[in-house]
$ cat entry-v2.cif   # mmCIF, C-alpha atoms
data_entry
#
loop_
_atom_site.label_atom_id
_atom_site.label_comp_id
_atom_site.auth_asym_id
_atom_site.auth_seq_id
_atom_site.Cartn_x
_atom_site.Cartn_y
_atom_site.Cartn_z
CA MET A 1 0.00 0.00 0.00
CA SER A 2 1.57 3.26 -1.10
CA ASN A 3 1.85 6.35 1.05
CA LEU A 4 -0.77 8.06 -1.14
CA PHE A 5 -3.38 5.42 -0.32
CA LYS A 6 -3.39 6.49 3.33
CA ASP A 7 -4.70 9.90 2.25
CA ILE A 8 -8.19 8.46 1.89
CA TYR A 9 -8.24 9.55 5.55
CA SER A 10 -8.24 13.27 4.77
CA GLN A 11 -9.65 16.44 6.31
CA GLU A 12 -12.48 16.27 3.78
CA PHE A 13 -13.30 12.67 4.75
CA TYR A 14 -13.43 13.46 8.46
CA ASN A 15 -15.53 16.58 7.88
CA GLN A 16 -18.07 14.49 5.99
CA LEU A 17 -18.01 11.80 8.68
CA SER A 18 -18.48 14.43 11.39
CA GLU A 19 -21.69 15.66 9.79
CA ILE A 20 -23.15 12.16 9.98
CA MET A 21 -21.93 11.68 13.56
CA LEU A 22 -23.60 14.97 14.57
CA VAL A 23 -26.91 13.60 13.29
CA THR A 24 -26.44 10.20 14.95
CA ILE A 25 -24.77 10.86 18.30
CA PRO A 26 -26.36 13.62 20.42
CA SER A 27 -23.23 14.10 22.56
CA PHE A 28 -20.86 14.32 19.59
CA ASN A 29 -18.45 17.26 19.54
CA LYS A 30 -16.85 17.96 16.17
CA GLU A 31 -14.06 20.14 17.56
CA THR A 32 -12.96 17.47 20.03
CA PHE A 33 -13.22 14.78 17.34
CA THR A 34 -11.03 16.77 14.95
CA GLN A 35 -8.41 17.43 17.64
CA LEU A 36 -8.26 13.74 18.55
CA ILE A 37 -7.99 12.63 14.92
CA PHE A 38 -5.31 15.11 13.86
CA ASN A 39 -2.91 14.53 16.72
CA ASP A 40 0.84 15.12 16.52
CA TYR A 41 1.41 11.66 15.01
CA PHE A 42 -1.38 11.49 12.40
CA ILE A 43 0.74 12.70 9.48
CA HIS A 44 3.19 9.83 10.10
CA TYR A 45 0.53 7.10 10.38
CA GLU A 46 0.30 4.63 7.49
CA LEU A 47 -3.03 3.36 6.16
CA LYS A 48 -3.66 0.61 8.73
CA GLU A 49 -2.54 2.89 11.56
CA ARG A 50 -4.98 5.60 10.45
CA MET A 51 -7.76 3.04 10.25
CA THR A 52 -7.04 1.79 13.79
CA HIS A 53 -6.61 5.35 15.07
CA THR A 54 -10.03 6.32 13.65
CA ALA A 55 -11.66 3.36 15.44
CA LYS A 56 -10.02 4.42 18.72
CA VAL A 57 -11.20 8.02 18.36
CA LEU A 58 -14.70 6.80 17.52
CA HIS A 59 -14.66 4.90 20.81
CA HIS A 60 -14.53 8.23 22.68
CA PHE A 61 -18.02 9.05 21.43
CA LEU A 62 -19.71 5.67 21.80
CA SER A 63 -21.16 3.85 24.79
CA ASP A 64 -18.87 1.71 26.95
CA ASP A 65 -21.52 -0.98 26.52
CA PHE A 66 -20.39 -2.80 23.39
CA GLY A 67 -23.90 -3.83 22.34
CA GLU A 68 -25.05 -0.21 22.44
CA ALA A 69 -21.92 0.95 20.62
CA ALA A 70 -22.49 -1.62 17.86
CA GLU A 71 -26.08 -0.43 17.43
CA THR A 72 -24.83 3.17 17.11
CA ILE A 73 -22.43 2.07 14.35
CA LYS A 74 -25.36 0.49 12.52
CA GLN A 75 -27.23 3.81 12.85
CA LEU A 76 -24.19 5.67 11.51
CA ILE A 77 -24.18 3.40 8.46
CA ASP A 78 -27.93 3.90 7.96
CA ASN A 79 -27.41 7.67 8.06
CA LEU A 80 -24.44 7.48 5.67
CA ARG A 81 -26.70 5.63 3.24
CA LEU A 82 -29.49 8.20 3.69
CA ALA A 83 -26.97 10.93 2.87
CA GLY A 84 -26.00 9.07 -0.30
CA ILE A 85 -22.46 8.42 0.96
CA LYS A 86 -20.92 5.20 -0.36
CA GLU A 87 -17.50 3.70 0.18
CA LYS A 88 -15.11 4.70 -2.60
CA SER A 89 -12.21 2.56 -1.46
CA ILE A 90 -11.77 0.99 1.99
CA GLU A 91 -12.11 4.15 4.06
CA PHE A 92 -14.99 2.87 6.22
CA MET A 93 -13.22 -0.32 7.27
CA PHE A 94 -12.58 1.32 10.64
CA PHE A 95 -16.15 0.22 11.50
CA PRO A 96 -15.35 -3.53 11.42
CA GLU A 97 -11.96 -2.69 12.96
CA TYR A 98 -13.89 -1.20 15.90
CA ILE A 99 -15.90 -4.41 16.30
CA SER A 100 -12.73 -6.49 16.24
CA MET A 101 -10.96 -4.24 18.77
CA TYR A 102 -13.75 -3.86 21.32
CA GLY A 103 -16.11 -6.78 20.74
CA ILE A 104 -13.90 -9.87 20.74
CA ASP A 105 -15.41 -11.04 24.06
CA LYS A 106 -18.96 -10.22 22.89
CA TYR A 107 -19.46 -12.92 20.30
CA GLU A 108 -23.19 -12.69 19.54
CA GLU A 109 -23.24 -8.89 19.32
CA SER A 110 -20.16 -8.97 17.09
CA ILE A 111 -21.66 -11.51 14.70
CA SER A 112 -24.78 -9.39 14.33
CA ALA A 113 -22.62 -6.31 13.70
CA PHE A 114 -20.41 -8.04 11.11
CA GLU A 115 -23.44 -9.28 9.17
CA PHE A 116 -24.83 -5.75 8.98
CA ILE A 117 -21.58 -3.81 8.47
CA THR A 118 -20.15 -6.04 5.72
CA GLN A 119 -23.06 -5.00 3.50
CA PHE A 120 -21.56 -1.48 3.63
CA THR A 121 -17.82 -2.14 4.02
CA SER A 122 -16.01 -5.46 3.99
CA CYS A 123 -15.33 -7.23 7.30
CA GLU A 124 -12.88 -9.77 5.83
CA PHE A 125 -9.97 -8.63 8.04
CA ALA A 126 -11.97 -8.06 11.21
CA VAL A 127 -13.49 -11.54 11.41
CA ARG A 128 -10.11 -13.28 11.51
CA PRO A 129 -9.35 -12.78 15.23
CA TYR A 130 -12.77 -14.33 15.85
CA ILE A 131 -11.86 -17.38 13.76
CA LEU A 132 -8.69 -17.76 15.82
CA LYS A 133 -10.60 -17.51 19.11
CA TYR A 134 -13.90 -19.22 18.19
CA GLU A 135 -12.93 -21.38 15.22
CA GLU A 136 -15.69 -24.00 15.32
CA LYS A 137 -18.46 -21.48 16.10
CA MET A 138 -17.21 -19.02 13.51
CA LEU A 139 -16.94 -21.57 10.71
CA THR A 140 -20.45 -22.78 11.51
CA GLN A 141 -21.59 -19.17 11.29
CA MET A 142 -19.76 -18.67 8.01
CA VAL A 143 -21.55 -21.68 6.52
CA LEU A 144 -24.79 -19.88 7.42
CA TRP A 145 -23.46 -16.66 5.87
CA SER A 146 -22.65 -18.59 2.68
CA LYS A 147 -26.43 -19.05 2.27
CA HIS A 148 -27.32 -15.41 3.03
CA PRO A 149 -29.46 -13.52 0.46
CA ASN A 150 -26.94 -10.65 0.33
CA ASN A 151 -23.93 -11.35 -1.89
CA LYS A 152 -21.60 -9.26 0.31
CA VAL A 153 -22.38 -11.45 3.31
CA ARG A 154 -21.82 -14.55 1.17
CA ARG A 155 -18.49 -13.14 0.04
CA LEU A 156 -17.49 -12.54 3.66
CA ALA A 157 -17.94 -16.27 4.33
CA SER A 158 -15.36 -17.11 1.67
CA GLU A 159 -13.01 -14.13 1.85
CA GLY A 160 -12.87 -14.06 5.65
CA SER A 161 -11.92 -17.75 5.82
CA ARG A 162 -9.04 -17.55 3.32
CA PRO A 163 -6.03 -19.17 5.04
CA ARG A 164 -3.56 -16.67 3.51
CA LEU A 165 -5.61 -13.49 2.96
CA PRO A 166 -3.14 -10.76 1.82
CA TRP A 167 -2.38 -8.01 4.37
CA ALA A 168 -4.23 -9.99 7.04
CA MET A 169 -3.27 -12.35 9.84
CA ALA A 170 -2.93 -15.96 8.66
CA LEU A 171 -5.15 -18.76 9.96
CA PRO A 172 -2.60 -21.46 10.93
CA SER A 173 -5.04 -24.27 11.66
CA LEU A 174 -6.82 -23.77 8.32
CA LYS A 175 -3.47 -23.63 6.52
CA LYS A 176 -2.73 -27.00 8.07
CA ASN A 177 -6.18 -28.51 7.50
CA PRO A 178 -8.53 -26.66 5.13
CA MET A 179 -11.31 -29.26 5.34
CA PRO A 180 -13.50 -27.12 7.67
CA ILE A 181 -13.65 -24.46 4.92
CA PHE A 182 -14.96 -26.89 2.30
CA PRO A 183 -18.70 -26.61 3.17
CA ILE A 184 -18.48 -22.84 2.64
CA LEU A 185 -16.72 -23.17 -0.72
CA ASP A 186 -18.95 -26.00 -1.89
CA THR A 187 -22.06 -23.93 -1.18
CA LEU A 188 -20.66 -20.97 -3.12
CA LYS A 189 -19.04 -22.79 -6.06
CA ASN A 190 -21.82 -21.77 -8.46
CA ASP A 191 -22.92 -18.56 -6.76
CA SER A 192 -24.91 -16.14 -8.91
CA CYS A 193 -22.43 -13.34 -8.11
CA GLU A 194 -19.10 -13.33 -9.94
CA VAL A 195 -17.37 -11.46 -7.09
CA VAL A 196 -18.34 -14.27 -4.71
CA ARG A 197 -17.11 -16.95 -7.13
CA ARG A 198 -13.82 -15.08 -7.53
CA SER A 199 -13.42 -15.08 -3.74
CA VAL A 200 -13.95 -18.85 -3.70
CA ALA A 201 -11.24 -19.18 -6.38
CA ASN A 202 -8.86 -17.04 -4.34
CA ASN A 203 -9.57 -19.09 -1.22
CA LEU A 204 -8.75 -22.30 -3.09
CA ASN A 205 -5.61 -20.73 -4.56
CA ASP A 206 -4.53 -19.91 -0.99
CA ILE A 207 -5.16 -23.51 0.01
CA SER A 208 -3.15 -24.84 -2.96
CA LYS A 209 0.04 -23.33 -1.51
CA ASP A 210 -0.14 -25.58 1.56
CA ASN A 211 -2.46 -28.41 0.49
CA PRO A 212 -2.26 -28.85 -3.29
CA ASN A 213 -3.96 -32.26 -3.26
CA PHE A 214 -7.04 -30.75 -1.58
CA VAL A 215 -7.42 -28.30 -4.47
CA ILE A 216 -6.66 -30.91 -7.14
CA GLU A 217 -9.31 -33.25 -5.72
CA THR A 218 -11.82 -30.39 -5.41
CA ALA A 219 -11.17 -29.33 -9.01
CA GLN A 220 -11.70 -32.91 -10.21
CA LYS A 221 -15.03 -33.08 -8.35
CA TRP A 222 -16.31 -29.72 -9.58
CA LEU A 223 -15.09 -29.67 -13.18
CA GLY A 224 -18.04 -29.82 -15.57
CA TYR A 225 -20.60 -28.64 -13.01
CA THR A 226 -21.27 -25.38 -14.89
CA LYS A 227 -19.19 -23.13 -17.14
CA GLU A 228 -19.00 -20.61 -14.28
CA THR A 229 -17.64 -23.24 -11.92
CA ASP A 230 -15.16 -24.36 -14.58
CA ALA A 231 -13.87 -20.77 -14.80
CA LEU A 232 -13.66 -20.64 -11.00
CA ILE A 233 -11.60 -23.85 -10.91
CA LYS A 234 -9.25 -22.53 -13.58
CA HIS A 235 -8.63 -19.33 -11.61
CA ALA A 236 -8.24 -21.33 -8.39
CA SER A 237 -5.59 -23.51 -10.03
CA ARG A 238 -3.37 -20.67 -11.25
CA THR A 239 -0.56 -21.34 -8.75
CA LEU A 240 -0.61 -25.08 -9.49
CA LEU A 241 -0.53 -24.38 -13.23
CA LYS A 242 2.43 -22.01 -12.80
CA GLN A 243 4.18 -24.71 -10.82
CA GLY A 244 3.61 -27.15 -13.70
CA GLU A 245 1.68 -29.57 -11.44
CA SER A 246 1.05 -32.59 -13.66
CA LYS A 247 -2.46 -33.60 -12.51
CA THR A 248 -3.69 -30.03 -12.86
CA LEU A 249 -2.19 -29.71 -16.33
CA GLN A 250 -3.89 -32.97 -17.36
CA LEU A 251 -7.20 -31.79 -15.90
CA PHE A 252 -7.26 -28.81 -18.26
CA GLY A 253 -5.91 -30.70 -21.28
CA PHE A 254 -2.42 -29.20 -21.36
CA ASP A 255 -0.24 -31.79 -23.12
CA SER A 256 3.16 -30.69 -24.41
CA LYS A 257 3.74 -33.79 -26.56
CA ASN A 258 4.81 -32.87 -30.11
CA ILE A 259 4.61 -29.15 -29.46
CA MET A 260 8.03 -27.94 -30.50
CA LEU A 261 10.03 -24.87 -29.49
CA SER A 262 12.49 -23.37 -31.99
CA ASN A 263 14.48 -20.21 -32.71
CA PHE A 264 14.56 -19.15 -29.06
CA ASP A 265 16.70 -16.02 -28.97
CA ILE A 266 17.40 -13.32 -26.42
CA LEU A 267 17.51 -10.14 -28.52
CA THR A 268 18.93 -7.97 -25.73
CA PRO A 269 21.64 -10.06 -24.01
CA ASN A 270 22.71 -7.01 -22.00
CA VAL A 271 19.84 -5.15 -20.33
CA LYS A 272 20.20 -1.90 -18.41
CA ILE A 273 18.10 -1.43 -15.27
CA GLY A 274 15.24 0.76 -16.43
CA ASP A 275 15.09 -0.83 -19.90
CA ALA A 276 13.43 -4.04 -21.12
CA LEU A 277 14.55 -7.56 -21.94
CA GLU A 278 13.40 -8.59 -25.40
CA PHE A 279 13.21 -12.18 -26.65
CA SER A 280 11.59 -14.21 -29.40
CA PHE A 281 10.84 -17.84 -30.26
CA SER A 282 8.62 -20.02 -32.42
CA ILE A 283 6.13 -22.76 -31.54
CA THR A 284 5.00 -25.54 -33.88
CA ASN A 285 2.20 -28.03 -33.21
CA GLU A 286 3.44 -31.25 -34.84
CA ASN A 287 0.31 -33.17 -33.82
CA LYS A 288 -2.37 -33.99 -36.38
CA THR A 289 -5.05 -32.19 -34.39
CA CYS A 290 -5.48 -28.83 -32.68
CA LYS A 291 -3.95 -28.61 -29.22
CA THR A 292 -4.51 -26.33 -26.25
CA LEU A 293 -1.39 -24.30 -25.56
CA ARG A 294 -0.50 -22.58 -22.30
CA LEU A 295 2.56 -20.50 -22.94
CA GLU A 296 4.67 -18.98 -20.16
CA TYR A 297 8.22 -17.89 -19.49
CA GLY A 298 10.33 -18.25 -16.40
CA LEU A 299 12.50 -15.33 -15.36
CA TYR A 300 15.30 -16.28 -12.99
CA TYR A 301 16.03 -13.12 -11.01
CA LYS A 302 19.41 -12.82 -9.33
CA LYS A 303 19.00 -12.36 -5.58
CA ASN A 304 21.24 -10.39 -3.23
CA ASN A 305 23.11 -13.57 -2.20
CA GLY A 306 23.79 -14.49 -5.83
CA ASP A 307 21.21 -17.29 -6.06
CA LEU A 308 18.56 -17.27 -8.79
CA SER A 309 14.84 -17.24 -8.03
CA ARG A 310 12.28 -18.07 -10.74
CA LYS A 311 9.10 -16.09 -11.32
CA VAL A 312 6.68 -17.38 -13.96
CA PHE A 313 4.89 -14.99 -16.34
CA LYS A 314 1.98 -16.03 -18.56
CA ILE A 315 2.10 -15.16 -22.26
CA SER A 316 -1.13 -16.66 -23.57
CA GLU A 317 -3.50 -19.59 -23.61
CA ARG A 318 -5.04 -20.64 -26.92
CA GLU A 319 -5.85 -23.40 -29.39
CA ILE A 320 -3.06 -23.98 -31.93
CA GLU A 321 -3.59 -25.60 -35.31
CA PRO A 322 -1.56 -28.59 -36.52
CA ASN A 323 1.63 -27.97 -38.50
CA LYS A 324 1.41 -24.20 -38.11
CA VAL A 325 4.33 -22.09 -36.87
CA TYR A 326 3.55 -19.40 -34.30
CA LYS A 327 6.16 -16.67 -33.85
CA ILE A 328 6.26 -14.87 -30.51
CA ASN A 329 8.12 -11.71 -29.56
CA ARG A 330 8.00 -10.50 -25.96
CA LYS A 331 9.41 -7.78 -23.71
CA GLN A 332 9.97 -7.87 -19.96
CA SER A 333 10.43 -4.55 -18.19
CA PHE A 334 13.23 -3.91 -15.75
CA LYS A 335 11.94 -0.51 -14.70
CA LEU A 336 12.51 0.20 -11.03
CA ILE A 337 9.50 -0.73 -8.89
CA THR A 338 8.89 -0.68 -5.15
CA THR A 339 8.02 -4.40 -4.93
CA ARG A 340 11.26 -5.77 -6.40
CA LYS A 341 14.91 -4.84 -6.07
CA PHE A 342 17.06 -5.65 -9.09
CA HIS A 343 20.63 -6.95 -8.75
CA THR A 344 23.13 -6.65 -11.59
CA GLY A 345 24.74 -9.75 -13.04
CA ILE A 346 23.72 -12.91 -14.87
CA HIS A 347 19.99 -13.70 -14.95
CA GLN A 348 18.23 -16.47 -16.87
CA LEU A 349 15.15 -16.92 -19.03
CA SER A 350 13.24 -20.07 -19.97
CA ILE A 351 10.21 -20.90 -22.09
CA ILE A 352 7.45 -23.01 -20.51
CA ILE A 353 5.08 -24.97 -22.77
CA ASN A 354 2.06 -26.51 -21.04
CA GLY A 355 3.94 -26.60 -17.77
CA GLN A 356 7.11 -28.09 -19.22
CA GLU A 357 10.19 -25.89 -19.07
CA SER A 358 12.29 -25.85 -22.22
CA GLN A 359 15.71 -24.26 -22.78
CA ILE A 360 17.26 -21.80 -20.38
CA LYS A 361 19.34 -18.90 -21.66
CA ASP A 362 21.50 -16.36 -19.85
CA PHE A 363 21.36 -12.59 -20.09
CA GLU A 364 23.10 -9.90 -18.09
CA LEU A 365 21.48 -7.08 -16.17
CA VAL A 366 23.72 -4.00 -15.94
CA SER A 367 23.43 -0.65 -14.18
#

$ encode --input "entry-v2.cif" --output "structure tokens"
Amino acid sequence: MSNLFKDIYSQEFYNQLSEIMLVTIPSFNKETFTQLIFNDYFIHYELKERMTHTAKVLHHFLSDDFGEAAETIKQLIDNLRLAGIKEKSIEFMFFPEYISMYGIDKYEESISAFEFITQFTSCEFAVRPYILKYEEKMLTQMVLWSKHPNNKVRRLASEGSRPRLPWAMALPSLKKNPMPIFPILDTLKNDSCEVVRRSVANNLNDISKDNPNFVIETAQKWLGYTKETDALIKHASRTLLKQGESKTLQLFGFDSKNIMLSNFDILTPNVKIGDALEFSFSITNENKTCKTLRLEYGLYYKKNNGDLSRKVFKISEREIEPNKVYKINRKQSFKLITTRKFHTGIHQLSIIINGQESQIKDFELVS
């Protein structure tokens, strides 16, 4: 999350929020609220810190009785809706953060609050401490949520139970044994909402990193159920496909037999940081029938210790005709980015055909 993202918590945002709080909370004082929000440290807070800080300041104006406080938050959301104010990003996620911070020992009131709040702003992060503390009860509840008429509540059931949800605390027991999640995913596998189905795919992709056989077996069971479920399974299997997992490749008909690679050439053997690697190659289907082709390349980045670490990039997925030559030219940027540090020296590049790696060539990255 970049530094700019934290600026969703701006003076304008808090002014707008204050107007709704004035309507909702009789004892609310805007001047005090503003002073508490914009303390001496606010400018240095990152996104998550600002979110948590906002929940703490909100606590000053709510009842010490958690049940009453949760009801006031529901009223705030109702009044935000009446004012036509919708979430543009994730700025209102301090509401579920509040529930997680102050309601962890008030299970029933928290569950009621999550079900209501997630229809306005996602509670996927906030429910995770509850799964850690009340795993069996929470997963039972999430099965119920998976059957809820509101698609945002259904999505919470899947997204909140992801074992490796990005930017959130992991769920160690579900990483070890994902079976308790299965009833949720099975219920949602053909959900009418694409966003819900995508969450199911992401949950399964998380699971594949620790329990690949669970995902392979699930994909085998679900394949052919509907075209929507087939698309879900394909998205869920993306990590396994990148890893070249044989059963998954077979499941989707990726067979590299008689698909030939030729004329593989690195056109820029010396690449400056900031420029792009350029390479080309040809593919020929020497089978007598059309074949499904999944084409990728592996880039072996040099690490700080001198070792190479492969990252797989997808080029395309398509049907290829028999005895036809397909010429491919590709560029890979080495522009400086915040998520990867480049190290000069010898790197490597490979071509991957239907999960099978073919030929590895060197190139040099220079400053």

$ resolve_selection --input "entry-v2.cif" --expression "the PyMOL selection byres ((chain A and resi 94) around 7)" --output "PDB file with C-alpha atoms, keeping the file's coordinate frame"
ATOM      1  CA  MET A  51      -7.760   3.040  10.250  1.00  0.00           C
ATOM      2  CA  THR A  52      -7.040   1.790  13.790  1.00  0.00           C
ATOM      3  CA  THR A  54     -10.030   6.320  13.650  1.00  0.00           C
ATOM      4  CA  ALA A  55     -11.660   3.360  15.440  1.00  0.00           C
ATOM      5  CA  PHE A  92     -14.990   2.870   6.220  1.00  0.00           C
ATOM      6  CA  MET A  93     -13.220  -0.320   7.270  1.00  0.00           C
ATOM      7  CA  PHE A  95     -16.150   0.220  11.500  1.00  0.00           C
ATOM      8  CA  PRO A  96     -15.350  -3.530  11.420  1.00  0.00           C
ATOM      9  CA  GLU A  97     -11.960  -2.690  12.960  1.00  0.00           C
ATOM     10  CA  TYR A  98     -13.890  -1.200  15.900  1.00  0.00           C
TER      11      TYR A  98
END

$ resolve_selection --input "entry-v2.cif" --expression "the PyMOL selection byres ((chain A and resi 317) around 8)" --output "VMD selection string"
chain A and resid 292 to 295 315 to 316 318 to 319

$ axis_aligned_box --input "entry-v2.cif" --around "range 17-28 of chain A" --padding-each-side "3 Å" --output "JSON"
{"center_x": -22.5, "center_y": 12.9, "center_z": 15.6, "size_x": 14.9, "size_y": 11.5, "size_z": 19.9}

$ residues_around --input "entry-v2.cif" --residues "Ser161 in chain A" --least-positions-apart "6" --cutoff "9 Å" --atoms "all atoms listed in the file" --output "PyMOL selection string"
chain A and resi 124+127-128+131+139+142+171+174+181+184+203

$ resolve_selection --input "entry-v2.cif" --expression "the PyMOL selection byres ((chain A and resi 233) around 8)" --output "JSON, numbers by chain"
{"A": [201, 219, 222, 223, 229, 230, 231, 232, 234, 235, 236, 237]}

$ write_last_selection --input "entry-v2.cif" --atoms "C-alpha atoms" --output "mmCIF file, keeping the file's coordinate frame"
data_model
loop_
_atom_site.group_PDB
_atom_site.id
_atom_site.type_symbol
_atom_site.label_atom_id
_atom_site.label_comp_id
_atom_site.auth_asym_id
_atom_site.auth_seq_id
_atom_site.Cartn_x
_atom_site.Cartn_y
_atom_site.Cartn_z
ATOM 1 C CA ALA A 201 -11.240 -19.180 -6.380
ATOM 2 C CA ALA A 219 -11.170 -29.330 -9.010
ATOM 3 C CA TRP A 222 -16.310 -29.720 -9.580
ATOM 4 C CA LEU A 223 -15.090 -29.670 -13.180
ATOM 5 C CA THR A 229 -17.640 -23.240 -11.920
ATOM 6 C CA ASP A 230 -15.160 -24.360 -14.580
ATOM 7 C CA ALA A 231 -13.870 -20.770 -14.800
ATOM 8 C CA LEU A 232 -13.660 -20.640 -11.000
ATOM 9 C CA LYS A 234 -9.250 -22.530 -13.580
ATOM 10 C CA HIS A 235 -8.630 -19.330 -11.610
ATOM 11 C CA ALA A 236 -8.240 -21.330 -8.390
ATOM 12 C CA SER A 237 -5.590 -23.510 -10.030
#

$ residues_around --input "entry-v2.cif" --residues "Phe116 in chain A" --least-positions-apart "2" --cutoff "12 Å" --atoms "all atoms listed in the file" --output "PyMOL selection string"
chain A and resi 70-71+73-78+95-96+99+109-114+118-123+145+148+150+152-153+156

$ write_last_selection --input "entry-v2.cif" --atoms "C-alpha atoms" --output "PDB file, keeping the file's coordinate frame"
ATOM      1  CA  ALA A  70     -22.490  -1.620  17.860  1.00  0.00           C
ATOM      2  CA  GLU A  71     -26.080  -0.430  17.430  1.00  0.00           C
ATOM      3  CA  ILE A  73     -22.430   2.070  14.350  1.00  0.00           C
ATOM      4  CA  LYS A  74     -25.360   0.490  12.520  1.00  0.00           C
ATOM      5  CA  GLN A  75     -27.230   3.810  12.850  1.00  0.00           C
ATOM      6  CA  LEU A  76     -24.190   5.670  11.510  1.00  0.00           C
ATOM      7  CA  ILE A  77     -24.180   3.400   8.460  1.00  0.00           C
ATOM      8  CA  ASP A  78     -27.930   3.900   7.960  1.00  0.00           C
ATOM      9  CA  PHE A  95     -16.150   0.220  11.500  1.00  0.00           C
ATOM     10  CA  PRO A  96     -15.350  -3.530  11.420  1.00  0.00           C
ATOM     11  CA  ILE A  99     -15.900  -4.410  16.300  1.00  0.00           C
ATOM     12  CA  GLU A 109     -23.240  -8.890  19.320  1.00  0.00           C
ATOM     13  CA  SER A 110     -20.160  -8.970  17.090  1.00  0.00           C
ATOM     14  CA  ILE A 111     -21.660 -11.510  14.700  1.00  0.00           C
ATOM     15  CA  SER A 112     -24.780  -9.390  14.330  1.00  0.00           C
ATOM     16  CA  ALA A 113     -22.620  -6.310  13.700  1.00  0.00           C
ATOM     17  CA  PHE A 114     -20.410  -8.040  11.110  1.00  0.00           C
ATOM     18  CA  THR A 118     -20.150  -6.040   5.720  1.00  0.00           C
ATOM     19  CA  GLN A 119     -23.060  -5.000   3.500  1.00  0.00           C
ATOM     20  CA  PHE A 120     -21.560  -1.480   3.630  1.00  0.00           C
ATOM     21  CA  THR A 121     -17.820  -2.140   4.020  1.00  0.00           C
ATOM     22  CA  SER A 122     -16.010  -5.460   3.990  1.00  0.00           C
ATOM     23  CA  CYS A 123     -15.330  -7.230   7.300  1.00  0.00           C
ATOM     24  CA  TRP A 145     -23.460 -16.660   5.870  1.00  0.00           C
ATOM     25  CA  HIS A 148     -27.320 -15.410   3.030  1.00  0.00           C
ATOM     26  CA  ASN A 150     -26.940 -10.650   0.330  1.00  0.00           C
ATOM     27  CA  LYS A 152     -21.600  -9.260   0.310  1.00  0.00           C
ATOM     28  CA  VAL A 153     -22.380 -11.450   3.310  1.00  0.00           C
ATOM     29  CA  LEU A 156     -17.490 -12.540   3.660  1.00  0.00           C
TER      30      LEU A 156
END

$ closest_residue --input "entry-v2.cif" --among "A:Ser358, A:Thr268, A:Ser246, A:Thr72" --to "Ile20 in chain A" --atoms "all atoms listed in the file"
A:Thr72

$ residues_around --input "entry-v2.cif" --residues "Lys30 in chain A" --least-positions-apart "2" --cutoff "10 Å" --atoms "all atoms listed in the file" --output "short mmCIF file (atom, residue, chain, number, x, y, z; two decimals) with C-alpha atoms, in the frame of the given file"
data_model
loop_
_atom_site.label_atom_id
_atom_site.label_comp_id
_atom_site.auth_asym_id
_atom_site.auth_seq_id
_atom_site.Cartn_x
_atom_site.Cartn_y
_atom_site.Cartn_z
CA TYR A 14 -13.43 13.46 8.46
CA ASN A 15 -15.53 16.58 7.88
CA LEU A 17 -18.01 11.80 8.68
CA SER A 18 -18.48 14.43 11.39
CA GLU A 19 -21.69 15.66 9.79
CA MET A 21 -21.93 11.68 13.56
CA LEU A 22 -23.60 14.97 14.57
CA SER A 27 -23.23 14.10 22.56
CA PHE A 28 -20.86 14.32 19.59
CA THR A 32 -12.96 17.47 20.03
CA PHE A 33 -13.22 14.78 17.34
CA THR A 34 -11.03 16.77 14.95
CA GLN A 35 -8.41 17.43 17.64
CA LEU A 36 -8.26 13.74 18.55
#

$ atom_distance --input "entry-v2.cif" --atom1 "CA of Tyr130 in chain A" --atom2 "CA of Glu108 in chain A"
11.2 Å

$ atom_distance --input "entry-v2.cif" --atom1 "CA of Gly224 in chain A" --atom2 "CA of Cys193 in chain A"
18.6 Å

$ atom_distance --input "entry-v2.cif" --atom1 "CA of Ser282 in chain A" --atom2 "CA of Asp265 in chain A"
9.7 Å

$ residues_around --input "entry-v2.cif" --residues "Pro212 in chain A" --least-positions-apart "4" --cutoff "12 Å" --atoms "all atoms listed in the file" --output "MDAnalysis selection string"
chainID A and resid 175:178 204:208 216:219 236:241 243 245:248

$ closest_residue --input "entry-v2.cif" --among "A:Gly253, A:Pro163, A:Gly84, A:Gly345" --to "Lys272 in chain A" --atoms "only C-alpha atoms"
A:Gly345

$ build_atoms --input "entry-v2.cif" --residues "range 96-102 of chain A" --atoms "N, CA and C atoms" --output "short mmCIF file (atom, residue, chain, number, x, y, z; two decimals), in the coordinates of the input"
data_model
loop_
_atom_site.label_atom_id
_atom_site.label_comp_id
_atom_site.auth_asym_id
_atom_site.auth_seq_id
_atom_site.Cartn_x
_atom_site.Cartn_y
_atom_site.Cartn_z
N PRO A 96 -15.64 -2.16 10.98
CA PRO A 96 -15.35 -3.53 11.42
C PRO A 96 -14.12 -3.62 12.32
N GLU A 97 -13.14 -2.73 12.09
CA GLU A 97 -11.96 -2.69 12.96
C GLU A 97 -12.39 -2.41 14.41
N TYR A 98 -13.36 -1.51 14.57
CA TYR A 98 -13.89 -1.20 15.90
C TYR A 98 -14.48 -2.46 16.54
N ILE A 99 -15.28 -3.20 15.77
CA ILE A 99 -15.90 -4.41 16.30
C ILE A 99 -14.83 -5.40 16.74
N SER A 100 -13.80 -5.55 15.92
CA SER A 100 -12.73 -6.49 16.24
C SER A 100 -11.95 -6.06 17.48
N MET A 101 -11.75 -4.76 17.65
CA MET A 101 -10.96 -4.24 18.77
C MET A 101 -11.71 -4.33 20.10
N TYR A 102 -13.01 -4.02 20.06
CA TYR A 102 -13.75 -3.86 21.32
C TYR A 102 -14.81 -4.94 21.57
#
